[in-house]
Protein chains: 2
Amino acid sequence: MDNRAIGIFDSGVGGLTVLKEYQKLLPHENYIYFGDTARLPYGSKSKETICNFSKQIVEFLINQNVKLIVIACGTASAMAYNTLQKEFSIPIIDIISPTAKQIKDDNIGVIATKATIKSNSWEEEIHKYSPNTHVTSLACPLFVPLVEEGFATSEITPLVVKKYLSYFHEIPISSLILGCTHYPILENVIQDELGKEIKLINPGTYSAIYAKEYLMQNKLLHSQSSDGNIIFYSSDNEEYFKNIAETFFPIHNYEIHMEQMKA
Amino acid sequence: MDNRAIGIFDSGVGGLTVLKEYQKLLPHENYIYFGDTARLPYGSKSKETICNFSKQIVEFLINQNVKLIVIACGTASAMAYNTLQKEFSIPIIDIISPTAKQIKDDNIGVIATKATIKSNSWEEEIHKYSPNTHVTSLACPLFVPLVEEGFATSEITPLVVKKYLSYFHEIPISSLILGCTHYPILENVIQDELGKEIKLINPGTYSAIYAKEYLMQNKLLHSQSSDGNIIFYSSDNEEYFKNIAETFFPIHNYEIHMEQMKA
């Protein structure tokens, strides 16, 4: 038993889709979520910058006495996971490797931010476990601002989704990884564009499954049988963050803080 | 005569539209441009955060020994200009007040980022000089990512522009201020949507006119008669910055540096 919280971080609110998957599978855990809203988005920035931002956040979460750190952000998973693992002794779980281990498919598509696609992390990680899988990757950089600006249900979104994803009509894929935490919010539009025969994969689910196994095997689960709580930190715009977080987690024991990052 | 450079900053590449206007009017000046590509965009962030970022950049430019600082960024002009003026003795010129002083019109529209519109700076500044002018403001947050992601000439852009600007079909305006440095890049699409009878106003032009007068009156112009040079700094992704800057300024004496901001 380990009654400390799980730390989880993202560039902003997108990682709440990952936290949601964790809460479904591990409802008795307490969580400390950090959204770096002052410096988002990460998806267009360099590896060096994303590693620097991620290290600061990991240090912050360690100071909050967490037992495990989850990189919810797809871009930080792609760019900073290896660096963070080398520099910190605390267990760290990303969203890419747990997913790559589990998926079995001959033809997989990956959509993500520019930085994630450029890093080639998804393809490399999938090939570690399934060397013959054919991976087709595509950056969809407008998806994040569409979600952030509240266009998810606008009539423009299917047009933008079509513009990007028509790419896959020429390429045989049987499943598509939603490689950025914002993309599950566009799941219905994406499914409509691709057709129901293509399976959409939310990496947050696989990350949560992996984390549950890890905590069980290492006897690190929380001992409480009641629902755990969540403490939210955001580096900017608490109100904006709170409004969105409350639609994801309409819970009563709500706590949100502003925490400025000093570099 | 003052042969020091003019410092100019923006959240990223958008401010190059302002630098272009300065270079047209003041071609013999040297410029030091800072693009905060590691922390862009500013348009969705809080006043406190934008003031902090802006102060750091002004300090950096002062250390480069500039004679004048231009806030090219519309959001930083709206949120940080007053604070910067109070805290620093170096002359600082923004893009809002020089424009507000010059425009004469009964019905003016303003489009800008969320933060700029929320600040109400355009309306307040215009009313200082023209208290009876009717100002109608509208945030168009998707315009920046459309430009940044290279969608400026895509068929999606007119749809997004229509979605936002149809608002003005119900409201009588005779001119529209492009209150964010990225928007002049969408000028043609915006003009097509609104019709040719509506005058589009680029605040970079008015800022440059004001700066030229200021430098002349205070005998601070550069003494050289040849074209000045530009030194670029970006806080991330030098290559991305360089590619875009070169399309704006295809000049031979090109110099670009990466400068990480430490807070």
# chains A, B, ... in the order shown; residues from 1 in each chain; ligands from 1
>>> interface_residues(of="chain B", to="chain A", cutoff="8 Å", atoms="only C-alpha atoms", output="count of residues only")
21
>>> residues_around(residues="segment 166-182 of chain B", least_positions_apart="3", cutoff="8 Å", atoms="only C-alpha atoms", output="ChimeraX atom specification")
/B:14-18,72-75,105-113,143-144,147,162-163,185-186,194,197-204
>>> atom_distance(atom1="atom CA of Pro158 of chain A", atom2="atom CA of Asn188 of chain A")
9.8 Å
>>> atom_distance(atom1="atom CA of Glu125 of chain A", atom2="atom CA of Tyr210 of chain A")
15.4 Å
>>> closest_residue(among="B:Ile32, B:Ile8, B:Leu165, B:Val66", to="Leu220 of chain B", atoms="only C-alpha atoms")
B:Val66
>>> atom_distance(atom1="atom CA of Ser54 of chain A", atom2="atom CA of Gln56 of chain B")
21.3 Å
>>> select_by_dssp(residues="segment 14-263 of chain B", states="strand (DSSP E)", output="PyMOL selection string")
chain B and resi 31-35+68-71+92-93+107-112+134-139+175-178+199-201+230-234+254-258
>>> residues_around(residues="segment 81-85 of chain A", least_positions_apart="5", cutoff="9 Å", atoms="only C-alpha atoms", output="list in words")
Cys51, Ser54, Lys55, Val58, Ile71, Ala76, Ile90, Pro91, Ile92, Ile93 and Asp94 of chain A
>>> write_last_selection(atoms="N, CA and C atoms", output="PDB file, in the first residue's frame")
ATOM      1  N   CYS A  51      11.671  19.226 -23.111  1.00  0.00           N
ATOM      2  CA  CYS A  51      12.374  18.535 -22.014  1.00  0.00           C
ATOM      3  C   CYS A  51      12.541  19.468 -20.810  1.00  0.00           C
ATOM      4  N   SER A  54       9.196  19.896 -19.100  1.00  0.00           N
ATOM      5  CA  SER A  54       8.769  18.641 -18.455  1.00  0.00           C
ATOM      6  C   SER A  54       9.552  18.380 -17.175  1.00  0.00           C
ATOM      7  N   LYS A  55      10.857  18.662 -17.212  1.00  0.00           N
ATOM      8  CA  LYS A  55      11.688  18.446 -16.021  1.00  0.00           C
ATOM      9  C   LYS A  55      11.210  19.302 -14.856  1.00  0.00           C
ATOM     10  N   VAL A  58       8.062  17.778 -13.446  1.00  0.00           N
ATOM     11  CA  VAL A  58       8.339  16.556 -12.678  1.00  0.00           C
ATOM     12  C   VAL A  58       8.901  16.941 -11.303  1.00  0.00           C
ATOM     13  N   ILE A  71       2.987  10.940 -17.714  1.00  0.00           N
ATOM     14  CA  ILE A  71       3.073  11.965 -18.753  1.00  0.00           C
ATOM     15  C   ILE A  71       1.839  11.799 -19.626  1.00  0.00           C
ATOM     16  N   ALA A  76       5.034  15.452 -24.950  1.00  0.00           N
ATOM     17  CA  ALA A  76       6.046  15.235 -23.910  1.00  0.00           C
ATOM     18  C   ALA A  76       6.403  13.754 -23.811  1.00  0.00           C
ATOM     19  N   ILE A  90      12.027   8.357  -9.668  1.00  0.00           N
ATOM     20  CA  ILE A  90      10.613   8.056  -9.449  1.00  0.00           C
ATOM     21  C   ILE A  90      10.055   7.326 -10.682  1.00  0.00           C
ATOM     22  N   PRO A  91       9.154   6.345 -10.491  1.00  0.00           N
ATOM     23  CA  PRO A  91       8.582   5.687 -11.676  1.00  0.00           C
ATOM     24  C   PRO A  91       7.763   6.660 -12.529  1.00  0.00           C
ATOM     25  N   ILE A  92       7.984   6.581 -13.833  1.00  0.00           N
ATOM     26  CA  ILE A  92       7.310   7.477 -14.779  1.00  0.00           C
ATOM     27  C   ILE A  92       6.662   6.632 -15.871  1.00  0.00           C
ATOM     28  N   ILE A  93       5.401   6.912 -16.164  1.00  0.00           N
ATOM     29  CA  ILE A  93       4.674   6.182 -17.211  1.00  0.00           C
ATOM     30  C   ILE A  93       4.211   7.176 -18.257  1.00  0.00           C
ATOM     31  N   ASP A  94       4.472   6.862 -19.520  1.00  0.00           N
ATOM     32  CA  ASP A  94       4.034   7.752 -20.595  1.00  0.00           C
ATOM     33  C   ASP A  94       2.779   7.174 -21.252  1.00  0.00           C
TER      34      ASP A  94
END
>>> residues_around(residues="Lys242 of chain A", least_positions_apart="5", cutoff="9 Å", atoms="only C-alpha atoms", output="list in words")
Phe232, Asn237, Thr247 and Ile256 of chain A
>>> write_last_selection(atoms="C-alpha atoms", output="mmCIF file, in the first residue's frame")
data_model
loop_
_atom_site.group_PDB
_atom_site.id
_atom_site.type_symbol
_atom_site.label_atom_id
_atom_site.label_comp_id
_atom_site.auth_asym_id
_atom_site.auth_seq_id
_atom_site.Cartn_x
_atom_site.Cartn_y
_atom_site.Cartn_z
ATOM 1 C CA PHE A 232 -5.465 20.552 -10.022
ATOM 2 C CA ASN A 237 -5.743 31.043 -16.429
ATOM 3 C CA THR A 247 -17.052 19.494 -17.319
ATOM 4 C CA ILE A 256 -7.488 24.175 -7.998
#
